[in-house]
There are 2 protein chains.
Amino acid sequence: MKIAIDAMGGDNAPEAVVRGSIQARDEYNLSIILSGKEIEIKRILEKNTSNFNNIELMDAADIITNDDKPVLAIRRKKDSSMVKALYAVKEGRADALVSAGSTGALLSGGTLIIGRISGIERPAIGSLIPNMSGGFCLLIDSGANVDSKPEFLYDFAIMGDIYLKRAMNIISPKIALANIGTEKSKGDKLTLDTYKLLENSNLPLNFIGNIEARDILKGNADIVICDGFTGNMILKTMEGTVHELMKGLKEEIMSSMRSKVGGALIKPALKNFKSKFDYSEHGGAPLLGVKAPVIKAHGSSDAKAIKNAIRQAKTCYESNVNELIEESLTRR
Amino acid sequence: MKIAIDAMGGDNAPEAVVRGSIQARDEYNLSIILSGKEIEIKRILEKNTSNFNNIELMDAADIITNDDKPVLAIRRKKDSSMVKALYAVKEGRADALVSAGSTGALLSGGTLIIGRISGIERPAIGSLIPNMSGGFCLLIDSGANVDSKPEFLYDFAIMGDIYLKRAMNIISPKIALANIGTEKSKGDKLTLDTYKLLENSNLPLNFIGNIEARDILKGNADIVICDGFTGNMILKTMEGTVHELMKGLKEEIMSSMRSKVGGALIKPALKNFKSKFDYSEHGGAPLLGVKAPVIKAHGSSDAKAIKNAIRQAKTCYESNVNELIEESLTRR
């Protein structure tokens, strides 16, 4: 199989992306297309490998940034690394896509260029949130759509279920609906109606009911379903809280000699602790509902995170995630 | 002035509530009505003070718990400590109310028994979120309403603005709208329409635009406006993240001898750090939009938190927060 890679997307591109791609080619035995500024990419390639087999270059002069408006960027920046990679997938020259670039642009591009799976009205982004017990939870939709309908959320559950079963080997993923209370009677119109759809589904979904936001990190659910606005709030509140907490703790520890010594002693424990939140182990966030596997790697991805995102794209492709989603939709 | 207190509400009731009420009476020179099981309350009073001036008892045999359905409980548990305290306010026997009991019941009771301020369609709960820089942010609505309209959110901004100005002495509170991006064009229908209302307001609101959830704890805004579903997600995600993080960190520190020693050395720093999150300093969450000051103290309030919540109710009353809200509504 062949994977198209947006070599210019992400904070550490193209260096980390190209290095991660070489590692993935070597470890997973696949072909890659690197889309981006050919001269730069070549330079990095030559520095990191002497074997150029199964690596194709696709020159792209332009880059889509996080400041670009997603839909406009996809329509106008035809010569960007992301758009060229998307067309490679659309036209069958590649089987899957990995990008650490703009999430919004990748979502728009996935939908507009690669196209939606028949039966899916809204593709969604599923973010893998690591928890303290070493596991993770797929939060879907984590920010792709606003103003969702219950039917969209139901489809997110179906897609997330197949993704975790096939791409992450979880046998019967526990699916919960993000809500303001655990009781069935709790929620707004969207969650109340979504609950009914999930509860009465014909599909073998392991729906465990509502989950409160405070319990998501406990690892009680493998999949948390929500609209994109809510998903964005949950994900970014977590990010902000972890960031401010660690920053505040560090400042407090550095404020006295006694705690500075203590801080030095707990350093290995802290490092170990931080690694539990390491997104790079789990790879990137799948864009589910488009016709080919598309993986959004974290913006700050290093080579290892890129390599893992490529592995994820490969697993998605080989385990027929999209075919199974399409088939499930006919039975929902 | 006289404040009605739901003496049976909260995890540490009636002990902590009664003790906090005595302290508030002594420090703030006010009268209190303690609503609840008279025999129990008397026993605690006698243990803690020899001065019974300005303390009135109102016997109530029943208690509303967190398991009760709010509206039903308010309608049926007429002899509960909360309902009796609510009626004391409604009938003018008390000027304000403090409860550490069920948030949902207090919201329902405030709305159904005390009644809404003329012009307010939906009362809302404003939670004070402490941040790392020692300040706080009022998150409103933090869970009272689901399925909100832009007009409700606009009113939350007006109420929060007056509350912070009058009850917390913040001169020109910075008001932000919780959203998925900072750009004006970002958001769902609700936030897009609310943005317009806030931007075009006739009132002197210091609206600073959208805020992403990851930036709330940074202290950039004094007031964060959102619908109750979103507010619940933000608040509970913060709670859950702080809890899991501190738990995980503790486990990691206890896992080796070296870090155990380090942990002992940073203990004072950790304690200091934790106190920054101390909700009890800021008092409780105001229920804004009902005709009298109603303060929801944290469920796990100790005596000090109760005392501070009572101080807050007093400040609200004396600074005419509700009259000013009603007046502002006519100019919005």
# chains A, B, ... in the order shown; residues from 1 in each chain; ligands from 1

$ select_by_dssp --residues "stretch 237-288 of chain A" --states "helix (DSSP H, G or I)" --output "JSON, numbers by chain"
{"A": [237, 238, 239, 240, 241, 242, 243, 244, 245, 246, 247, 248, 249, 250, 251, 252, 253, 257, 258, 259, 260, 261, 262, 263, 264, 265, 267, 268, 269, 270, 271, 272, 273, 274, 275, 279, 280, 281, 282]}

$ write_last_selection --atoms "N, CA and C atoms" --output "CSV table (one decimal), in the first residue's frame"
chain,number,residue,atom,x,y,z
A,237,THR,N,-10.4,22.2,27.4
A,237,THR,CA,-10.4,22.4,28.8
A,237,THR,C,-9.3,21.5,29.5
A,238,MET,N,-9.3,20.3,29.0
A,238,MET,CA,-8.3,19.3,29.5
A,238,MET,C,-6.9,19.9,29.2
A,239,GLU,N,-6.6,20.2,28.0
A,239,GLU,CA,-5.3,20.8,27.6
A,239,GLU,C,-4.9,22.0,28.5
A,240,GLY,N,-5.8,22.9,28.6
A,240,GLY,CA,-5.6,24.1,29.4
A,240,GLY,C,-5.3,23.8,30.9
A,241,THR,N,-6.1,22.9,31.4
A,241,THR,CA,-6.0,22.6,32.8
A,241,THR,C,-4.7,21.9,33.1
A,242,VAL,N,-4.3,20.9,32.3
A,242,VAL,CA,-3.0,20.2,32.5
A,242,VAL,C,-1.9,21.2,32.4
A,243,HIS,N,-2.0,22.1,31.4
A,243,HIS,CA,-0.9,23.1,31.2
A,243,HIS,C,-0.7,24.0,32.3
A,244,GLU,N,-1.8,24.6,32.8
A,244,GLU,CA,-1.8,25.5,33.9
A,244,GLU,C,-1.4,24.9,35.2
A,245,LEU,N,-1.9,23.7,35.4
A,245,LEU,CA,-1.5,22.9,36.6
A,245,LEU,C,0.0,22.6,36.7
A,246,MET,N,0.5,22.1,35.6
A,246,MET,CA,1.9,21.7,35.6
A,246,MET,C,2.8,23.0,35.7
A,247,LYS,N,2.4,24.0,35.1
A,247,LYS,CA,3.1,25.3,35.2
A,247,LYS,C,3.1,25.8,36.6
A,248,GLY,N,1.9,25.8,37.2
A,248,GLY,CA,1.7,26.4,38.6
A,248,GLY,C,2.5,25.5,39.6
A,249,LEU,N,2.5,24.2,39.4
A,249,LEU,CA,3.2,23.3,40.3
A,249,LEU,C,4.7,23.6,40.2
A,250,LYS,N,5.2,23.7,39.0
A,250,LYS,CA,6.6,24.0,38.8
A,250,LYS,C,7.0,25.3,39.5
A,251,GLU,N,6.2,26.3,39.3
A,251,GLU,CA,6.5,27.6,39.9
A,251,GLU,C,6.6,27.5,41.4
A,252,GLU,N,5.6,26.7,41.9
A,252,GLU,CA,5.5,26.6,43.4
A,252,GLU,C,6.8,25.8,43.9
A,253,ILE,N,7.1,24.8,43.2
A,253,ILE,CA,8.3,24.0,43.6
A,253,ILE,C,9.6,24.8,43.5
A,257,MET,N,14.0,26.7,48.5
A,257,MET,CA,15.2,25.8,48.4
A,257,MET,C,14.8,24.4,48.7
A,258,ARG,N,14.0,24.2,49.8
A,258,ARG,CA,13.6,22.9,50.2
A,258,ARG,C,12.8,22.2,49.1
A,259,SER,N,11.8,22.9,48.5
A,259,SER,CA,11.0,22.2,47.5
A,259,SER,C,11.8,22.0,46.2
A,260,LYS,N,12.8,22.9,46.0
A,260,LYS,CA,13.7,22.7,44.8
A,260,LYS,C,14.4,21.4,44.8
A,261,VAL,N,14.9,21.1,46.0
A,261,VAL,CA,15.6,19.8,46.3
A,261,VAL,C,14.6,18.7,46.0
A,262,GLY,N,13.4,18.8,46.6
A,262,GLY,CA,12.4,17.8,46.5
A,262,GLY,C,12.0,17.7,45.0
A,263,GLY,N,11.9,18.8,44.3
A,263,GLY,CA,11.6,18.8,42.9
A,263,GLY,C,12.6,18.0,42.1
A,264,ALA,N,13.9,18.1,42.4
A,264,ALA,CA,15.0,17.4,41.7
A,264,ALA,C,14.8,15.9,42.0
A,265,LEU,N,14.4,15.5,43.2
A,265,LEU,CA,14.2,14.1,43.5
A,265,LEU,C,13.0,13.5,42.8
A,267,LYS,N,12.0,14.3,39.9
A,267,LYS,CA,12.0,14.5,38.5
A,267,LYS,C,11.8,13.3,37.7
A,268,PRO,N,12.4,12.1,38.0
A,268,PRO,CA,12.1,10.9,37.2
A,268,PRO,C,10.6,10.5,37.3
A,269,ALA,N,10.1,10.7,38.5
A,269,ALA,CA,8.7,10.3,38.7
A,269,ALA,C,7.8,11.2,37.8
A,270,LEU,N,8.1,12.5,37.8
A,270,LEU,CA,7.4,13.5,37.0
A,270,LEU,C,7.5,13.2,35.5
A,271,LYS,N,8.7,12.7,35.1
A,271,LYS,CA,8.9,12.4,33.7
A,271,LYS,C,8.0,11.2,33.3
A,272,ASN,N,8.0,10.2,34.2
A,272,ASN,CA,7.2,9.0,34.0
A,272,ASN,C,5.7,9.4,33.9
A,273,PHE,N,5.4,10.3,34.8
A,273,PHE,CA,4.0,10.8,34.9
A,273,PHE,C,3.6,11.4,33.6
A,274,LYS,N,4.4,12.3,33.1
A,274,LYS,CA,4.2,13.0,31.9
A,274,LYS,C,4.0,12.1,30.7
A,275,SER,N,4.8,11.0,30.7
A,275,SER,CA,4.8,10.1,29.5
A,275,SER,C,3.5,9.4,29.4
A,279,TYR,N,0.8,11.6,23.7
A,279,TYR,CA,0.0,11.4,22.6
A,279,TYR,C,0.7,10.6,21.5
A,280,SER,N,2.0,10.7,21.4
A,280,SER,CA,2.7,10.2,20.3
A,280,SER,C,2.7,8.7,20.2
A,281,GLU,N,2.5,8.0,21.3
A,281,GLU,CA,2.3,6.6,21.4
A,281,GLU,C,1.1,6.1,20.6
A,282,HIS,N,0.0,6.9,20.8
A,282,HIS,CA,-1.2,6.4,20.2
A,282,HIS,C,-1.4,6.8,18.8

$ residues_around --residues "A:Ile114" --least-positions-apart "3" --cutoff "8 Å" --atoms "only C-alpha atoms" --output "PDB file with C-alpha atoms, in the first residue's frame"
ATOM      1  CA  LEU A  86      -5.527  14.873  -0.886  1.00  0.00           C
ATOM      2  CA  TYR A  87      -5.717  14.636  -4.690  1.00  0.00           C
ATOM      3  CA  VAL A  89      -5.711   9.852  -2.518  1.00  0.00           C
ATOM      4  CA  LYS A  90      -8.765  10.942  -4.493  1.00  0.00           C
ATOM      5  CA  GLY A 109     -10.206  18.791   2.241  1.00  0.00           C
ATOM      6  CA  GLY A 110     -11.124  15.272   3.303  1.00  0.00           C
ATOM      7  CA  THR A 111     -14.788  16.061   2.796  1.00  0.00           C
ATOM      8  CA  VAL A 290     -14.360  10.044   4.447  1.00  0.00           C
ATOM      9  CA  LYS A 291     -13.697   7.501   1.724  1.00  0.00           C
ATOM     10  CA  ALA A 292     -10.051   6.804   2.578  1.00  0.00           C
TER      11      ALA A 292
END

$ residues_around --residues "A:Ala13" --least-positions-apart "3" --cutoff "10 Å" --atoms "only C-alpha atoms" --output "JSON, numbers by chain"
{"A": [6, 7, 8, 9, 10, 16, 17, 18, 19, 36, 41, 100, 101, 299, 300, 301, 302, 303]}

$ write_last_selection --atoms "C-alpha atoms" --output "PDB file, in the first residue's frame"
ATOM      1  CA  ASP A   6       1.691  16.112   3.878  1.00  0.00           C
ATOM      2  CA  ALA A   7       5.375  16.721   4.524  1.00  0.00           C
ATOM      3  CA  MET A   8       4.931  20.434   5.268  1.00  0.00           C
ATOM      4  CA  GLY A   9       2.194  20.164   7.916  1.00  0.00           C
ATOM      5  CA  GLY A  10       2.922  20.608  11.623  1.00  0.00           C
ATOM      6  CA  ALA A  16      10.207  15.463  11.731  1.00  0.00           C
ATOM      7  CA  VAL A  17       7.648  14.427   9.118  1.00  0.00           C
ATOM      8  CA  VAL A  18      10.236  13.209   6.667  1.00  0.00           C
ATOM      9  CA  ARG A  19      12.199  11.357   9.334  1.00  0.00           C
ATOM     10  CA  GLY A  36       5.865  19.370  -0.247  1.00  0.00           C
ATOM     11  CA  ILE A  41      12.500  17.214   1.468  1.00  0.00           C
ATOM     12  CA  ALA A 100       0.047  17.187  10.985  1.00  0.00           C
ATOM     13  CA  GLY A 101      -1.239  20.409   9.410  1.00  0.00           C
ATOM     14  CA  GLY A 299       0.543  19.673  15.339  1.00  0.00           C
ATOM     15  CA  SER A 300       3.621  19.282  17.518  1.00  0.00           C
ATOM     16  CA  SER A 301       4.363  15.752  16.299  1.00  0.00           C
ATOM     17  CA  ASP A 302       7.933  14.518  16.388  1.00  0.00           C
ATOM     18  CA  ALA A 303       9.221  11.784  14.059  1.00  0.00           C
TER      19      ALA A 303
END

$ residues_around --residues "A:Thr194" --least-positions-apart "2" --cutoff "10 Å" --atoms "only C-alpha atoms" --output "short mmCIF file (atom, residue, chain, number, x, y, z; two decimals) with all heavy atoms, in the first residue's frame"
data_model
loop_
_atom_site.label_atom_id
_atom_site.label_comp_id
_atom_site.auth_asym_id
_atom_site.auth_seq_id
_atom_site.Cartn_x
_atom_site.Cartn_y
_atom_site.Cartn_z
N LYS A 149 -26.81 17.17 14.56
CA LYS A 149 -28.11 16.53 14.77
C LYS A 149 -27.88 15.19 15.47
O LYS A 149 -26.79 14.62 15.36
CB LYS A 149 -28.79 16.29 13.42
CG LYS A 149 -29.19 17.55 12.70
CD LYS A 149 -29.88 17.20 11.39
CE LYS A 149 -30.08 18.44 10.55
NZ LYS A 149 -30.42 18.11 9.15
N PRO A 150 -28.92 14.65 16.12
CA PRO A 150 -28.77 13.35 16.80
C PRO A 150 -28.26 12.27 15.85
O PRO A 150 -27.45 11.43 16.24
CB PRO A 150 -30.19 13.02 17.26
CG PRO A 150 -30.93 14.31 17.27
CD PRO A 150 -30.27 15.22 16.30
N GLU A 151 -28.71 12.32 14.60
CA GLU A 151 -28.29 11.31 13.62
C GLU A 151 -26.77 11.36 13.38
O GLU A 151 -26.14 10.33 13.16
CB GLU A 151 -29.01 11.49 12.29
CG GLU A 151 -30.50 11.20 12.32
CD GLU A 151 -31.32 12.28 13.02
OE1 GLU A 151 -30.83 13.43 13.13
OE2 GLU A 151 -32.44 11.97 13.47
N PHE A 152 -26.21 12.56 13.43
CA PHE A 152 -24.75 12.68 13.25
C PHE A 152 -24.04 11.98 14.41
O PHE A 152 -23.08 11.23 14.23
CB PHE A 152 -24.29 14.14 13.24
CG PHE A 152 -24.91 15.02 12.19
CD1 PHE A 152 -24.71 16.40 12.24
CD2 PHE A 152 -25.66 14.50 11.15
CE1 PHE A 152 -25.26 17.23 11.29
CE2 PHE A 152 -26.22 15.33 10.19
CZ PHE A 152 -26.02 16.70 10.27
N LEU A 153 -24.52 12.25 15.62
CA LEU A 153 -23.86 11.69 16.80
C LEU A 153 -23.97 10.17 16.81
O LEU A 153 -23.05 9.47 17.22
CB LEU A 153 -24.45 12.28 18.09
CG LEU A 153 -23.75 13.55 18.60
CD1 LEU A 153 -24.00 14.74 17.71
CD2 LEU A 153 -24.15 13.87 20.04
N TYR A 154 -25.11 9.69 16.34
CA TYR A 154 -25.29 8.24 16.25
C TYR A 154 -24.26 7.66 15.28
O TYR A 154 -23.62 6.64 15.56
CB TYR A 154 -26.73 7.96 15.81
CG TYR A 154 -27.10 6.51 15.61
CD1 TYR A 154 -26.60 5.52 16.45
CD2 TYR A 154 -27.96 6.13 14.58
CE1 TYR A 154 -26.95 4.20 16.27
CE2 TYR A 154 -28.32 4.81 14.40
CZ TYR A 154 -27.81 3.84 15.24
OH TYR A 154 -28.16 2.53 15.06
N LEU A 177 -22.19 8.65 26.13
CA LEU A 177 -22.60 9.94 25.58
C LEU A 177 -22.24 11.04 26.59
O LEU A 177 -22.65 10.97 27.75
CB LEU A 177 -24.11 9.90 25.34
CG LEU A 177 -24.81 11.13 24.78
CD1 LEU A 177 -24.33 11.45 23.37
CD2 LEU A 177 -26.33 10.92 24.79
N ASP A 188 -29.67 18.07 27.03
CA ASP A 188 -30.39 18.99 26.15
C ASP A 188 -31.09 18.15 25.08
O ASP A 188 -31.03 16.93 25.09
CB ASP A 188 -29.44 20.05 25.56
CG ASP A 188 -28.27 19.43 24.82
OD1 ASP A 188 -28.23 18.19 24.67
OD2 ASP A 188 -27.39 20.18 24.39
N LYS A 189 -31.77 18.84 24.16
CA LYS A 189 -32.55 18.12 23.17
C LYS A 189 -31.65 17.16 22.36
O LYS A 189 -32.02 16.02 22.11
CB LYS A 189 -33.24 19.13 22.25
CG LYS A 189 -34.37 18.49 21.47
CD LYS A 189 -35.18 19.45 20.68
CE LYS A 189 -36.22 18.70 19.83
NZ LYS A 189 -35.81 17.40 19.32
N LEU A 190 -30.46 17.65 22.00
CA LEU A 190 -29.55 16.85 21.19
C LEU A 190 -29.16 15.55 21.90
O LEU A 190 -29.21 14.46 21.31
CB LEU A 190 -28.30 17.67 20.86
CG LEU A 190 -27.21 16.95 20.07
CD1 LEU A 190 -27.69 16.55 18.69
CD2 LEU A 190 -25.96 17.83 19.94
N THR A 191 -28.77 15.64 23.16
CA THR A 191 -28.33 14.42 23.85
C THR A 191 -29.51 13.50 24.19
O THR A 191 -29.38 12.28 24.11
CB THR A 191 -27.54 14.75 25.14
OG1 THR A 191 -28.25 15.72 25.90
CG2 THR A 191 -26.18 15.31 24.80
N LEU A 192 -30.65 14.07 24.52
CA LEU A 192 -31.82 13.23 24.81
C LEU A 192 -32.20 12.41 23.58
O LEU A 192 -32.46 11.21 23.68
CB LEU A 192 -33.01 14.10 25.25
CG LEU A 192 -32.89 14.73 26.65
CD1 LEU A 192 -34.00 15.76 26.88
CD2 LEU A 192 -32.94 13.65 27.75
N LYS A 196 -31.72 8.09 22.72
CA LYS A 196 -32.75 7.17 22.21
C LYS A 196 -32.22 6.38 21.00
O LYS A 196 -32.44 5.18 20.89
CB LYS A 196 -34.00 7.95 21.79
CG LYS A 196 -34.86 8.34 22.98
CD LYS A 196 -36.07 9.17 22.54
CE LYS A 196 -36.47 10.15 23.63
NZ LYS A 196 -37.02 11.39 23.11
N LEU A 197 -31.53 7.07 20.10
CA LEU A 197 -31.00 6.39 18.92
C LEU A 197 -29.99 5.32 19.32
O LEU A 197 -29.99 4.21 18.79
CB LEU A 197 -30.32 7.40 17.98
CG LEU A 197 -31.24 8.35 17.21
CD1 LEU A 197 -30.41 9.35 16.41
CD2 LEU A 197 -32.15 7.56 16.26
N LEU A 198 -29.12 5.66 20.27
CA LEU A 198 -28.08 4.71 20.68
C LEU A 198 -28.69 3.52 21.42
O LEU A 198 -28.28 2.38 21.23
CB LEU A 198 -27.06 5.42 21.58
CG LEU A 198 -26.11 6.37 20.85
CD1 LEU A 198 -25.38 7.29 21.83
CD2 LEU A 198 -25.08 5.58 20.02
N GLU A 199 -29.68 3.82 22.22
CA GLU A 199 -30.33 2.79 23.03
C GLU A 199 -31.10 1.80 22.16
O GLU A 199 -31.16 0.61 22.45
CB GLU A 199 -31.28 3.50 23.99
CG GLU A 199 -31.82 2.67 25.11
CD GLU A 199 -32.85 3.48 25.90
OE1 GLU A 199 -33.53 4.36 25.31
OE2 GLU A 199 -32.97 3.23 27.09
N ASN A 200 -31.70 2.32 21.10
CA ASN A 200 -32.55 1.47 20.26
C ASN A 200 -31.87 0.99 18.99
O ASN A 200 -32.52 0.52 18.07
CB ASN A 200 -33.83 2.25 19.89
CG ASN A 200 -34.63 2.62 21.11
OD1 ASN A 200 -34.77 1.82 22.04
ND2 ASN A 200 -35.13 3.85 21.15
N ILE A 225 -19.04 10.07 22.90
CA ILE A 225 -19.72 10.69 21.78
C ILE A 225 -20.18 12.09 22.17
O ILE A 225 -20.73 12.29 23.26
CB ILE A 225 -20.98 9.87 21.41
CG1 ILE A 225 -20.61 8.42 21.07
CG2 ILE A 225 -21.77 10.50 20.27
CD1 ILE A 225 -19.68 8.28 19.93
N CYS A 226 -19.98 13.05 21.29
CA CYS A 226 -20.51 14.40 21.54
C CYS A 226 -20.51 15.18 20.24
O CYS A 226 -19.89 14.77 19.26
CB CYS A 226 -19.67 15.12 22.58
SG CYS A 226 -17.93 15.25 22.14
#

$ select_by_dssp --residues "stretch 50-228 of chain A" --states "strand (DSSP E)" --output "JSON, numbers by chain"
{"A": [55, 56, 57, 58, 59, 96, 97, 98, 99, 124, 125, 126, 127, 128, 129, 130, 136, 137, 138, 139, 140, 174, 175, 176, 177, 178, 206, 207, 208, 209, 210, 211, 223, 224, 225]}

$ closest_residue --among "B:Leu329, B:Ile55, B:Ile32, B:Leu203" --to "B:Arg311" --atoms "only C-alpha atoms"
B:Ile32

$ atom_distance --atom1 "atom CA of B:Leu97" --atom2 "atom CA of B:Ile129"
21.4 Å
